[in-house]
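Enquirer: My structure is in final.cif, and what it holds is mmCIF, C-alpha atoms:
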```
data_target
loop_
_atom_site.label_atom_id
_atom_site.label_comp_id
_atom_site.auth_asym_id
_atom_site.auth_seq_id
_atom_site.Cartn_x
_atom_site.Cartn_y
_atom_site.Cartn_z
CA MET A 227 -40.58 -31.68 126.63
CA GLU A 228 -39.41 -30.89 130.12
CA ILE A 229 -36.69 -28.28 130.47
CA LEU A 230 -33.90 -29.63 132.65
CA ALA A 231 -31.60 -26.60 132.75
CA ALA A 232 -31.74 -23.03 131.47
CA ILE A 233 -29.46 -20.01 131.48
CA GLU A 234 -30.81 -16.50 131.29
CA GLY A 235 -28.91 -13.51 130.01
CA ASN A 236 -27.36 -12.10 126.89
CA ILE A 237 -24.98 -14.01 124.65
CA ALA A 238 -23.13 -10.71 124.07
CA THR A 239 -21.71 -11.10 127.59
CA VAL A 240 -19.40 -13.86 126.39
CA GLY A 241 -19.08 -12.36 122.90
CA TYR A 242 -15.89 -10.49 123.65
CA GLY A 243 -14.30 -13.62 125.06
CA LEU A 244 -15.09 -15.43 121.82
CA ALA A 245 -13.89 -12.46 119.77
CA THR A 246 -10.45 -12.56 121.38
CA LEU A 247 -9.80 -16.19 120.40
CA GLY A 248 -8.96 -15.57 116.74
CA PRO A 249 -6.84 -12.43 117.24
CA GLY A 250 -5.12 -14.17 120.18
CA ILE A 251 -3.98 -17.02 117.96
CA GLY A 252 -3.06 -14.50 115.26
CA LEU A 253 -0.94 -12.41 117.62
CA GLY A 254 0.79 -15.53 118.90
CA ILE A 255 1.81 -16.66 115.43
CA LEU A 256 2.73 -13.13 114.35
CA ILE A 257 4.93 -12.28 117.34
CA GLY A 258 6.41 -15.77 117.58
CA LYS A 259 7.46 -15.73 113.95
CA THR A 260 8.95 -12.25 114.37
CA VAL A 261 11.00 -13.41 117.37
CA GLU A 262 12.17 -16.35 115.28
CA GLY A 263 13.20 -13.98 112.49
CA MET A 264 14.99 -11.70 114.95
CA ALA A 265 16.92 -14.65 116.38
CA ARG A 266 17.98 -15.74 112.91
CA GLN A 267 18.91 -12.28 111.70
CA PRO A 268 19.49 -9.87 114.60
CA GLU A 269 20.79 -7.20 112.20
CA ILE A 270 17.32 -6.50 110.78
CA ALA A 271 15.55 -6.65 114.17
CA GLY A 272 14.44 -3.00 113.94
CA GLN A 273 12.78 -3.49 110.57
CA LEU A 274 11.07 -6.68 111.77
CA ARG A 275 9.78 -4.90 114.86
CA THR A 276 8.17 -2.13 112.81
CA THR A 277 6.51 -4.66 110.52
CA MET A 278 5.37 -6.68 113.52
CA ILE A 279 3.71 -3.67 115.13
CA LEU A 280 1.95 -2.89 111.85
CA GLY A 281 0.69 -6.47 111.73
CA ILE A 282 -0.39 -6.29 115.37
CA ALA A 283 -2.41 -3.17 114.57
CA PHE A 284 -4.35 -5.04 111.89
CA VAL A 285 -4.93 -8.15 114.00
CA GLU A 286 -5.80 -6.21 117.13
CA VAL A 287 -8.58 -4.25 115.48
CA LEU A 288 -10.51 -7.52 115.01
CA GLY A 289 -10.51 -8.13 118.73
CA LEU A 290 -11.52 -4.53 119.40
CA LEU A 291 -14.46 -4.88 117.00
CA GLY A 292 -15.65 -7.61 119.36
CA LEU A 293 -15.50 -5.15 122.26
CA ILE A 294 -17.49 -2.53 120.33
CA ALA A 295 -20.03 -5.14 119.21
CA GLY A 296 -20.45 -6.31 122.80
CA ILE A 297 -21.28 -2.78 123.92
CA LEU A 298 -23.56 -2.13 120.93
CA PHE A 299 -25.58 -5.31 121.46
CA GLY A 300 -26.06 -4.83 125.16
CA GLY A 301 -23.42 -6.95 126.81
CA MET A 302 -22.63 -4.15 129.24
CA GLY A 303 -26.13 -3.79 130.59
CA MET B 13 -15.35 9.88 138.74
CA LEU B 14 -14.59 8.04 141.96
CA ALA B 15 -17.30 10.12 143.61
CA ALA B 16 -19.74 8.95 140.96
CA VAL B 17 -18.73 5.34 141.57
CA LEU B 18 -19.16 5.84 145.31
CA ALA B 19 -22.58 7.36 144.79
CA ALA B 20 -23.54 4.48 142.52
CA GLY B 21 -22.33 2.04 145.14
CA ASP B 22 -24.58 3.45 147.88
CA GLY B 23 -27.19 0.81 147.25
CA GLU B 24 -26.72 -2.84 148.05
CA GLY B 25 -24.14 -4.88 146.12
CA PHE B 26 -21.40 -3.99 143.68
CA HIS B 27 -22.13 -2.01 140.53
CA ALA B 28 -19.76 -2.72 137.68
CA PRO B 29 -18.87 0.36 135.61
CA GLY B 30 -20.73 0.58 132.32
CA ILE B 31 -20.97 2.64 129.20
CA GLU B 32 -22.53 5.52 131.20
CA GLU B 33 -18.97 6.26 132.43
CA PHE B 34 -18.41 8.02 129.13
CA TYR B 35 -21.42 10.32 129.31
CA PRO B 36 -20.78 12.62 132.26
CA GLY B 37 -23.10 15.56 132.88
CA ALA B 38 -22.56 18.94 131.24
CA LEU B 39 -20.49 21.56 133.01
CA LEU B 40 -21.05 24.58 130.75
CA PHE B 41 -23.35 25.64 127.91
CA GLU B 42 -25.77 22.80 128.55
CA GLY B 43 -28.06 22.01 125.62
CA THR B 44 -26.03 23.89 123.00
CA ILE B 45 -23.61 22.32 120.54
CA PHE B 46 -20.76 23.88 122.56
CA GLU B 47 -21.69 21.82 125.61
CA ILE B 48 -18.62 21.18 127.74
CA ASN B 49 -18.51 18.08 129.90
CA ARG B 50 -15.72 16.53 131.95
CA ILE B 51 -14.12 14.73 128.99
CA MET B 52 -14.08 17.91 126.89
CA LEU B 53 -12.47 19.72 129.83
CA VAL B 54 -9.82 16.97 130.08
CA ARG B 55 -9.04 17.49 126.38
CA PHE B 56 -8.57 21.24 126.94
CA VAL B 57 -6.34 20.64 129.97
CA MET B 58 -4.16 18.14 128.12
CA VAL B 59 -3.77 20.40 125.07
CA ALA B 60 -2.77 23.25 127.39
CA LEU B 61 -0.29 20.99 129.20
CA LEU B 62 1.18 19.82 125.88
CA ALA B 63 1.63 23.41 124.71
CA LEU B 64 3.15 24.34 128.06
CA PHE B 65 5.55 21.38 127.85
CA PHE B 66 6.87 22.46 124.45
CA ILE B 67 7.06 26.12 125.44
CA LEU B 68 9.08 25.25 128.55
CA ALA B 69 11.27 22.72 126.75
CA LEU B 70 12.06 24.66 123.58
CA ARG B 71 11.74 28.29 124.70
CA ARG B 72 15.48 28.80 124.80
CA ALA B 73 16.65 25.85 122.74
CA LYS B 74 20.39 25.35 122.93
CA LEU B 75 22.72 23.46 120.62
CA VAL B 76 23.66 21.16 123.49
CA PRO B 77 20.28 20.26 125.01
CA ARG B 78 19.72 20.02 128.75
CA GLY B 79 16.86 18.86 130.94
CA LEU B 80 13.40 19.16 129.38
CA GLN B 81 14.82 20.02 125.97
CA ASN B 82 16.43 16.56 125.96
CA VAL B 83 13.06 14.90 126.58
CA ALA B 84 11.31 16.93 123.86
CA GLU B 85 14.09 16.30 121.35
CA TYR B 86 14.13 12.59 122.11
CA PHE B 87 10.45 12.21 121.21
CA LEU B 88 10.60 14.59 118.24
CA ASP B 89 13.56 12.60 116.92
CA PHE B 90 11.70 9.36 117.53
CA VAL B 91 8.82 10.48 115.28
CA ARG B 92 11.20 11.75 112.63
CA LEU B 93 13.61 8.80 112.52
CA HIS B 94 11.50 5.79 113.45
CA ILE B 95 8.19 6.74 111.87
CA ALA B 96 8.53 9.36 109.14
CA GLU B 97 11.93 8.61 107.64
CA GLU B 98 11.73 4.85 108.07
CA ILE B 99 8.40 4.58 106.26
CA LEU B 100 8.41 7.52 103.87
CA GLY B 101 12.10 8.05 103.13
CA LYS B 102 13.96 11.31 103.71
CA GLY B 103 12.36 13.38 100.96
CA ALA B 104 8.66 12.75 101.65
CA ALA B 105 9.30 12.64 105.40
CA ARG B 106 10.12 16.36 105.40
CA ARG B 107 6.77 17.20 103.81
CA PHE B 108 4.62 15.10 106.10
CA LEU B 109 6.60 15.42 109.33
CA PRO B 110 4.44 18.27 110.77
CA ILE B 111 1.17 16.32 110.52
CA LEU B 112 2.74 13.07 111.78
CA THR B 113 4.33 14.85 114.74
CA THR B 114 1.00 16.47 115.53
CA PHE B 115 -0.76 13.10 115.46
CA PHE B 116 1.82 11.49 117.72
CA PHE B 117 1.96 14.18 120.39
CA MET B 118 -1.75 14.97 120.41
CA ILE B 119 -2.74 11.31 120.76
CA THR B 120 -0.06 10.63 123.40
CA ALA B 121 -1.17 13.61 125.46
CA LEU B 122 -4.89 12.81 125.25
CA ASN B 123 -4.26 9.12 125.97
CA LEU B 124 -2.07 9.83 128.99
CA ALA B 125 -4.93 11.76 130.60
CA GLY B 126 -6.42 8.33 131.30
CA VAL B 127 -3.78 7.56 133.94
CA ILE B 128 -3.22 11.06 135.36
CA PRO B 129 -4.88 11.35 138.80
CA LEU B 130 -7.87 13.74 138.93
CA LEU B 131 -8.25 13.69 135.14
CA ASN B 132 -8.68 9.90 135.03
CA ILE B 133 -10.23 9.62 131.59
CA ALA B 134 -8.54 9.65 128.19
CA GLY B 135 -9.59 12.46 125.87
CA THR B 136 -9.64 9.86 123.09
CA SER B 137 -12.10 7.55 124.85
CA LEU B 138 -15.10 9.18 123.15
CA ILE B 139 -15.48 8.82 119.40
CA GLY B 140 -15.07 12.56 118.61
CA THR B 141 -11.30 12.90 118.77
CA PRO B 142 -10.33 9.59 117.11
CA LEU B 143 -12.85 10.23 114.33
CA VAL B 144 -11.53 13.74 113.63
CA LEU B 145 -7.93 12.46 113.63
CA ALA B 146 -8.82 9.58 111.31
CA ILE B 147 -10.62 11.93 108.90
CA VAL B 148 -7.57 14.21 108.87
CA ALA B 149 -5.36 11.18 108.12
CA TRP B 150 -7.81 10.15 105.35
CA ILE B 151 -7.65 13.62 103.77
CA VAL B 152 -3.85 13.69 104.02
CA PHE B 153 -3.22 10.30 102.37
CA ASN B 154 -5.71 11.00 99.60
CA TYR B 155 -4.11 14.42 99.07
CA ALA B 156 -0.66 12.79 98.91
CA GLY B 157 -1.86 10.21 96.40
CA ILE B 158 -3.71 12.63 94.14
CA LYS B 159 -0.80 15.09 94.26
CA ALA B 160 1.76 12.39 93.39
CA GLN B 161 -0.16 10.48 90.72
CA GLY B 162 -3.08 12.65 89.60
CA PHE B 163 -6.71 11.82 90.38
CA GLY B 164 -7.38 9.29 87.61
CA PRO B 165 -4.21 7.17 87.98
CA TYR B 166 -4.51 7.32 91.77
CA MET B 167 -8.04 5.93 91.72
CA LYS B 168 -7.05 3.33 89.15
CA SER B 169 -4.02 2.09 91.05
CA ASN B 170 -6.13 1.82 94.21
CA LEU B 171 -9.30 0.34 92.76
CA LEU B 172 -7.89 -1.86 89.98
CA PRO B 173 -4.25 -2.77 90.62
CA SER B 174 -2.36 -3.50 87.41
CA GLY B 175 -2.18 -7.18 86.51
CA VAL B 176 -5.77 -7.85 87.55
CA PRO B 177 -7.77 -9.19 84.60
CA LEU B 178 -10.63 -6.92 83.53
CA TYR B 179 -13.38 -9.49 84.11
CA MET B 180 -12.50 -9.45 87.82
CA ALA B 181 -13.22 -5.72 88.03
CA PRO B 182 -16.84 -6.03 89.28
CA ILE B 183 -15.55 -7.89 92.34
CA ILE B 184 -12.21 -6.15 92.89
CA VAL B 185 -13.35 -2.54 92.53
CA PRO B 186 -16.00 -2.54 95.31
CA VAL B 187 -13.79 -4.57 97.65
CA GLU B 188 -10.80 -2.29 97.12
CA PHE B 189 -12.98 0.83 97.42
CA VAL B 190 -14.42 -0.27 100.77
CA SER B 191 -11.07 -1.44 102.16
CA THR B 192 -9.13 1.67 101.10
CA PHE B 193 -11.55 4.54 101.52
CA ILE B 194 -13.94 3.33 104.22
CA LEU B 195 -12.31 0.62 106.33
CA ARG B 196 -8.97 2.43 106.75
CA PRO B 197 -10.33 5.49 108.58
CA PHE B 198 -12.90 3.30 110.38
CA ALA B 199 -10.19 0.95 111.65
CA LEU B 200 -8.00 3.89 112.72
CA THR B 201 -10.94 5.31 114.72
CA VAL B 202 -12.02 2.05 116.34
CA ARG B 203 -8.48 0.96 117.23
CA LEU B 204 -7.77 4.12 119.19
CA LEU B 205 -11.25 4.53 120.66
CA ALA B 206 -11.71 0.93 121.80
CA ASN B 207 -8.24 0.71 123.33
CA MET B 208 -8.74 3.80 125.47
CA MET B 209 -12.32 2.90 126.35
CA ALA B 210 -11.35 -0.62 127.42
CA GLY B 211 -8.40 0.73 129.41
CA HIS B 212 -10.60 3.18 131.28
CA LEU B 213 -13.22 0.52 132.06
CA ILE B 214 -10.55 -1.88 133.38
CA LEU B 215 -9.08 0.77 135.67
CA VAL B 216 -12.50 1.85 136.97
CA LEU B 217 -13.46 -1.79 137.53
CA PHE B 218 -10.33 -2.55 139.56
CA PHE B 219 -10.36 0.59 141.67
CA SER B 220 -14.11 0.60 142.34
CA ALA B 221 -13.84 -3.09 143.23
CA THR B 222 -11.01 -2.23 145.63
CA ASN B 223 -13.17 0.44 147.21
CA PHE B 224 -16.07 -1.99 147.47
CA MET B 225 -14.00 -4.78 149.04
CA PHE B 226 -12.33 -2.55 151.63
CA VAL B 227 -15.04 -0.06 152.54
CA GLU B 228 -18.50 -1.14 151.51
CA ALA B 229 -18.46 -4.91 151.87
CA GLY B 230 -17.33 -4.64 155.49
CA SER B 231 -16.23 -8.26 155.53
CA ALA B 232 -12.88 -9.62 156.75
CA LEU B 233 -13.04 -12.28 154.05
CA LEU B 234 -13.24 -9.83 151.17
CA ALA B 235 -10.48 -7.45 152.29
CA PRO B 236 -7.60 -9.69 151.06
CA VAL B 237 -9.28 -9.80 147.64
CA GLY B 238 -9.21 -6.00 147.77
CA VAL B 239 -5.42 -6.13 148.06
CA LEU B 240 -5.41 -8.23 144.91
CA THR B 241 -7.61 -5.83 142.94
CA LEU B 242 -5.56 -2.87 144.15
CA GLY B 243 -2.37 -4.55 142.92
CA ALA B 244 -4.00 -5.42 139.61
CA GLY B 245 -5.25 -1.83 139.25
CA PHE B 246 -1.72 -0.56 139.82
CA ALA B 247 -0.27 -3.02 137.29
CA PHE B 248 -2.88 -2.05 134.72
CA THR B 249 -2.15 1.64 135.29
CA LEU B 250 1.44 0.94 134.21
CA PHE B 251 0.12 -1.11 131.29
CA GLU B 252 -2.14 1.80 130.28
CA ILE B 253 0.88 4.13 130.10
CA LEU B 254 2.46 1.66 127.65
CA VAL B 255 -0.78 1.40 125.67
CA ALA B 256 -1.14 5.20 125.53
CA VAL B 257 2.23 5.66 123.84
CA LEU B 258 1.90 2.49 121.74
CA GLN B 259 -1.46 3.55 120.31
CA ALA B 260 -0.09 6.97 119.40
CA TYR B 261 2.84 5.21 117.70
CA ILE B 262 0.57 2.80 115.81
CA PHE B 263 -1.79 5.55 114.65
CA THR B 264 1.09 7.67 113.38
CA LEU B 265 2.84 4.67 111.81
CA LEU B 266 -0.32 3.63 109.96
CA ALA B 267 -0.93 7.20 108.78
CA ALA B 268 2.64 7.22 107.40
CA VAL B 269 2.16 3.82 105.73
CA TYR B 270 -1.09 4.97 104.10
CA ILE B 271 0.63 8.13 102.81
CA ASP B 272 3.47 6.00 101.45
CA LEU B 273 1.10 3.51 99.79
CA ALA B 274 -0.89 6.35 98.22
CA SER B 275 2.08 8.21 96.80
CA HIS B 276 3.51 5.27 94.82
CA ALA B 277 1.61 3.57 92.02
CA GLU B 278 1.53 -0.20 92.52
CA HIS B 279 3.54 -2.06 89.95
#
```
In structure tokens, write the structure found in this file.
Expert:
Amino acid sequence: MEILAAIEGNIATVGYGLATLGPGIGLGILIGKTVEGMARQPEIAGQLRTTMILGIAFVEVLGLLGLIAGILFGGMG
Amino acid sequence: MLAAVLAAGDGEGFHAPGIEEFYPGALLFEGTIFEINRIMLVRFVMVALLALFFILALRRAKLVPRGLQNVAEYFLDFVRLHIAEEILGKGAARRFLPILTTFFFMITALNLAGVIPLLNIAGTSLIGTPLVLAIVAWIVFNYAGIKAQGFGPYMKSNLLPSGVPLYMAPIIVPVEFVSTFILRPFALTVRLLANMMAGHLILVLFFSATNFMFVEAGSALLAPVGVLTLGAGFAFTLFEILVAVLQAYIFTLLAAVYIDLASHAEH
């Protein structure tokens, strides 16, 4: 079979881009819902903010694992 | 660092910064385990600056604070009120306040080195410091749990929460063990390390690109793009200041949450 087009390189180069998709959606839902909660009940805004930042920490680490994996598997080279 | 980038850029074309940014040559004691490189030196400088800051601010502490004492008290109060007391409650907060305050200020200081001119790299952007801090946090929350509940009940409440049927134990126990005792310190380490590493790489990329566009490319077409990268570099420097403080806050907050989770049996 004749090869019509080919791309050379390492898939890890785009790996981090892919790895940010899930956490990006997660952060959007998380922060959006918190804002919604704050608008409904401004008196517990401080408590919501603390919980939101905790949640962000857990979601964000998934994206950062993508960064580490990209470096480990040679995306930087 | 900029000199290294310039040297790397002597050849033709633009060289993007890579992982070698984080392995600078040794300055002192080369080849021994006490080898001191640029990043180690940055850590020493920041620790000295932090100590100097507190000595200057609180040397003659007055009841009505002025100047630097205000700044120091604001941040000390922030850790006490918004991290320790909010998560742990007043009683436990008193016991764990020293370690939480140490986490917050040490991480803030080492992170901020990433945006201070001439230092230009965060002390936490190599795995050593985040790993040590995470291990300390791991020891502290396990200590808190074992002290509050005793070793047996502490392990049981972590590994097999009450209400879980016994036939689920072969699945639950390994999962809970990995998530509590391995993934927690690992996630603490990676979160801090990767944030600071990524921040440093972004800043180096923008500023070395600016240098390339203005100086090395020698093209009137590329110079306007250089203005863009310079502006982006400046914006990201401000963003890095936010990230530096935010990561210190998150690390301390999570350490407090883990201590709180460990010291109460789950019902």
Enquirer: For chain B, work out the contacting residues on chain A at 7 Å, counting all atoms listed in the file, and write them as a PyMOL selection string.
Expert: chain A and resi 283+287+290+294+302
Enquirer: Counting only C-alpha atoms, note down every residue that has an atom within 12 Å of the point (8.1, 13.1, 102.8) (file coordinates), as a PyMOL selection string.
Expert: chain B and resi 92-93+95-112+153+156+160+268-269+271-272+275
Enquirer: Go ahead and dump the residues you just picked, C-alpha atoms, as a short mmCIF file (atom, residue, chain, number, x, y, z; two decimals), in the coordinates of the input.
Expert:
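Listing of part.cif after writing:
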```
data_model
loop_
_atom_site.label_atom_id
_atom_site.label_comp_id
_atom_site.auth_asym_id
_atom_site.auth_seq_id
_atom_site.Cartn_x
_atom_site.Cartn_y
_atom_site.Cartn_z
CA ARG B 92 11.20 11.75 112.63
CA LEU B 93 13.61 8.80 112.52
CA ILE B 95 8.19 6.74 111.87
CA ALA B 96 8.53 9.36 109.14
CA GLU B 97 11.93 8.61 107.64
CA GLU B 98 11.73 4.85 108.07
CA ILE B 99 8.40 4.58 106.26
CA LEU B 100 8.41 7.52 103.87
CA GLY B 101 12.10 8.05 103.13
CA LYS B 102 13.96 11.31 103.71
CA GLY B 103 12.36 13.38 100.96
CA ALA B 104 8.66 12.75 101.65
CA ALA B 105 9.30 12.64 105.40
CA ARG B 106 10.12 16.36 105.40
CA ARG B 107 6.77 17.20 103.81
CA PHE B 108 4.62 15.10 106.10
CA LEU B 109 6.60 15.42 109.33
CA PRO B 110 4.44 18.27 110.77
CA ILE B 111 1.17 16.32 110.52
CA LEU B 112 2.74 13.07 111.78
CA PHE B 153 -3.22 10.30 102.37
CA ALA B 156 -0.66 12.79 98.91
CA ALA B 160 1.76 12.39 93.39
CA ALA B 268 2.64 7.22 107.40
CA VAL B 269 2.16 3.82 105.73
CA ILE B 271 0.63 8.13 102.81
CA ASP B 272 3.47 6.00 101.45
CA SER B 275 2.08 8.21 96.80
#
```
Enquirer: So which residues get picked by the PyMOL selection byres ((chain A and resi 243) around 12) here, written as a ChimeraX atom specification?
Expert: /A:237-242,244-250,289-293,295-296,301
Enquirer: Hey, what comes out of the PyMOL selection byres ((chain B and resi 80-85) around 12) on this file? Could you write it as a PyMOL selection string?
Expert: chain B and resi 62-79+86-93+113+117
Enquirer: Go ahead and save the residues from that selection, with C-alpha atoms, as a CSV table (one decimal), in the frame of the given file.
Expert:
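After the write, selection.csv holds the following:
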```
chain,number,residue,atom,x,y,z
B,62,LEU,CA,1.2,19.8,125.9
B,63,ALA,CA,1.6,23.4,124.7
B,64,LEU,CA,3.2,24.3,128.1
B,65,PHE,CA,5.6,21.4,127.8
B,66,PHE,CA,6.9,22.5,124.4
B,67,ILE,CA,7.1,26.1,125.4
B,68,LEU,CA,9.1,25.2,128.6
B,69,ALA,CA,11.3,22.7,126.8
B,70,LEU,CA,12.1,24.7,123.6
B,71,ARG,CA,11.7,28.3,124.7
B,72,ARG,CA,15.5,28.8,124.8
B,73,ALA,CA,16.6,25.8,122.7
B,74,LYS,CA,20.4,25.4,122.9
B,75,LEU,CA,22.7,23.5,120.6
B,76,VAL,CA,23.7,21.2,123.5
B,77,PRO,CA,20.3,20.3,125.0
B,78,ARG,CA,19.7,20.0,128.8
B,79,GLY,CA,16.9,18.9,130.9
B,86,TYR,CA,14.1,12.6,122.1
B,87,PHE,CA,10.4,12.2,121.2
B,88,LEU,CA,10.6,14.6,118.2
B,89,ASP,CA,13.6,12.6,116.9
B,90,PHE,CA,11.7,9.4,117.5
B,91,VAL,CA,8.8,10.5,115.3
B,92,ARG,CA,11.2,11.8,112.6
B,93,LEU,CA,13.6,8.8,112.5
B,113,THR,CA,4.3,14.8,114.7
B,117,PHE,CA,2.0,14.2,120.4
```
Enquirer: Tell me which protein, DNA and RNA residues are within 10 Å of Gly281 of chain A, counting all atoms listed in the file, leaving out same-chain ones fewer than 3 positions away, and put them as a compact mmCIF listing (two decimals) with C-alpha atoms, keeping the file's coordinate frame.
Expert:
```txt
# COMPACT_ATOMS: atom_id res chain seq x y z
CA GLY A 252 -3.06 -14.50 115.26
CA LEU A 253 -0.94 -12.41 117.62
CA LEU A 256 2.73 -13.13 114.35
CA ILE A 257 4.93 -12.28 117.34
CA ARG A 275 9.78 -4.90 114.86
CA THR A 276 8.17 -2.13 112.81
CA THR A 277 6.51 -4.66 110.52
CA MET A 278 5.37 -6.68 113.52
CA PHE A 284 -4.35 -5.04 111.89
CA VAL A 285 -4.93 -8.15 114.00
CA GLU A 286 -5.80 -6.21 117.13
```
Enquirer: As a ChimeraX atom specification, please: the residues near segment 119-135 of chain B (cut-off 6 Å, only C-alpha atoms, same-chain neighbours under 4 positions excluded).
Expert: /B:51,55,115,256-257,260
Enquirer: Please indicate the distance in Å from atom CA of Met225 of chain B to atom CA of His27 of chain B, rounded to one decimal place.
Expert: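 Interatomic distance here is 12.1 Å.
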Enquirer: Can you work out the spacing between atom CA of Lys259 of chain A and atom CA of Phe251 of chain B in Å, to one decimal?
Expert: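 Distance between the two atoms: 23.8 Å.
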Enquirer: Assuming the chain letters and numbering stay as they are in my file, what does the PyMOL selection byres ((chain B and resi 36) around 8) actually select? List them as number ranges by chain.
Expert: B: 32-35, 37-38, 49-51
Enquirer: Hey, can you check how far atom CA of Leu273 of chain B sits from atom CA of Arg266 of chain A?
Expert: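 Taking atom CA of Leu273 of chain B and atom CA of Arg266 of chain A, their separation equals 28.8 Å.
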Enquirer: Quick one: of A:Met227, A:Leu274, A:Ala232, A:Ile282, who's nearest to Gly254 of chain A, counting all atoms listed in the file?
Expert: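 Smallest separation from Gly254 of chain A among the options: A:Ile282.
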Enquirer: Under the rule that only C-alpha atoms are counted, which of A:Gly258, A:Asn236, A:Ile251, A:Ala265 is the nearest residue to Ile297 of chain A?
Expert: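 Checking each of A:Gly258, A:Asn236, A:Ile251, A:Ala265 against Ile297 of chain A, counting only C-alpha atoms, the winner is A:Asn236.
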Enquirer: Please complete segment 43-48 of chain B so it has all heavy atoms, and hand it over as a PDB file, keeping the file's coordinate frame.
Expert:
```
ATOM      1  N   GLY B  43     -27.012  21.977 126.627  1.00  0.00           N
ATOM      2  CA  GLY B  43     -28.060  22.010 125.620  1.00  0.00           C
ATOM      3  C   GLY B  43     -27.640  22.628 124.311  1.00  0.00           C
ATOM      4  O   GLY B  43     -28.321  22.463 123.310  1.00  0.00           O
ATOM      5  N   THR B  44     -26.510  23.346 124.273  1.00  0.00           N
ATOM      6  CA  THR B  44     -26.030  23.890 123.000  1.00  0.00           C
ATOM      7  C   THR B  44     -25.021  22.924 122.389  1.00  0.00           C
ATOM      8  O   THR B  44     -24.634  21.940 123.025  1.00  0.00           O
ATOM      9  CB  THR B  44     -25.358  25.257 123.204  1.00  0.00           C
ATOM     10  OG1 THR B  44     -24.153  25.035 123.952  1.00  0.00           O
ATOM     11  CG2 THR B  44     -26.248  26.205 123.973  1.00  0.00           C
ATOM     12  N   ILE B  45     -24.600  23.199 121.147  1.00  0.00           N
ATOM     13  CA  ILE B  45     -23.610  22.320 120.540  1.00  0.00           C
ATOM     14  C   ILE B  45     -22.221  22.553 121.133  1.00  0.00           C
ATOM     15  O   ILE B  45     -21.302  21.787 120.890  1.00  0.00           O
ATOM     16  CB  ILE B  45     -23.541  22.483 118.998  1.00  0.00           C
ATOM     17  CG1 ILE B  45     -23.342  23.936 118.624  1.00  0.00           C
ATOM     18  CG2 ILE B  45     -24.761  21.896 118.332  1.00  0.00           C
ATOM     19  CD1 ILE B  45     -22.958  24.119 117.169  1.00  0.00           C
ATOM     20  N   PHE B  46     -22.060  23.612 121.931  1.00  0.00           N
ATOM     21  CA  PHE B  46     -20.760  23.880 122.560  1.00  0.00           C
ATOM     22  C   PHE B  46     -20.696  23.307 123.966  1.00  0.00           C
ATOM     23  O   PHE B  46     -19.834  23.678 124.749  1.00  0.00           O
ATOM     24  CB  PHE B  46     -20.484  25.381 122.603  1.00  0.00           C
ATOM     25  CG  PHE B  46     -20.395  25.998 121.247  1.00  0.00           C
ATOM     26  CD1 PHE B  46     -21.393  26.844 120.798  1.00  0.00           C
ATOM     27  CD2 PHE B  46     -19.335  25.717 120.412  1.00  0.00           C
ATOM     28  CE1 PHE B  46     -21.322  27.413 119.534  1.00  0.00           C
ATOM     29  CE2 PHE B  46     -19.253  26.271 119.156  1.00  0.00           C
ATOM     30  CZ  PHE B  46     -20.258  27.113 118.713  1.00  0.00           C
ATOM     31  N   GLU B  47     -21.614  22.392 124.281  1.00  0.00           N
ATOM     32  CA  GLU B  47     -21.690  21.820 125.610  1.00  0.00           C
ATOM     33  C   GLU B  47     -20.332  21.257 126.040  1.00  0.00           C
ATOM     34  O   GLU B  47     -19.697  20.524 125.300  1.00  0.00           O
ATOM     35  CB  GLU B  47     -22.735  20.709 125.621  1.00  0.00           C
ATOM     36  CG  GLU B  47     -22.973  20.139 126.987  1.00  0.00           C
ATOM     37  CD  GLU B  47     -24.109  19.126 126.982  1.00  0.00           C
ATOM     38  OE1 GLU B  47     -25.225  19.488 126.583  1.00  0.00           O
ATOM     39  OE2 GLU B  47     -23.869  17.972 127.355  1.00  0.00           O
ATOM     40  N   ILE B  48     -19.910  21.635 127.233  1.00  0.00           N
ATOM     41  CA  ILE B  48     -18.620  21.180 127.740  1.00  0.00           C
ATOM     42  C   ILE B  48     -18.848  20.244 128.903  1.00  0.00           C
ATOM     43  O   ILE B  48     -19.431  20.642 129.906  1.00  0.00           O
ATOM     44  CB  ILE B  48     -17.768  22.384 128.189  1.00  0.00           C
ATOM     45  CG1 ILE B  48     -17.595  23.314 127.011  1.00  0.00           C
ATOM     46  CG2 ILE B  48     -16.438  21.913 128.764  1.00  0.00           C
ATOM     47  CD1 ILE B  48     -16.327  24.020 126.937  1.00  0.00           C
TER      48      ILE B  48
END
```
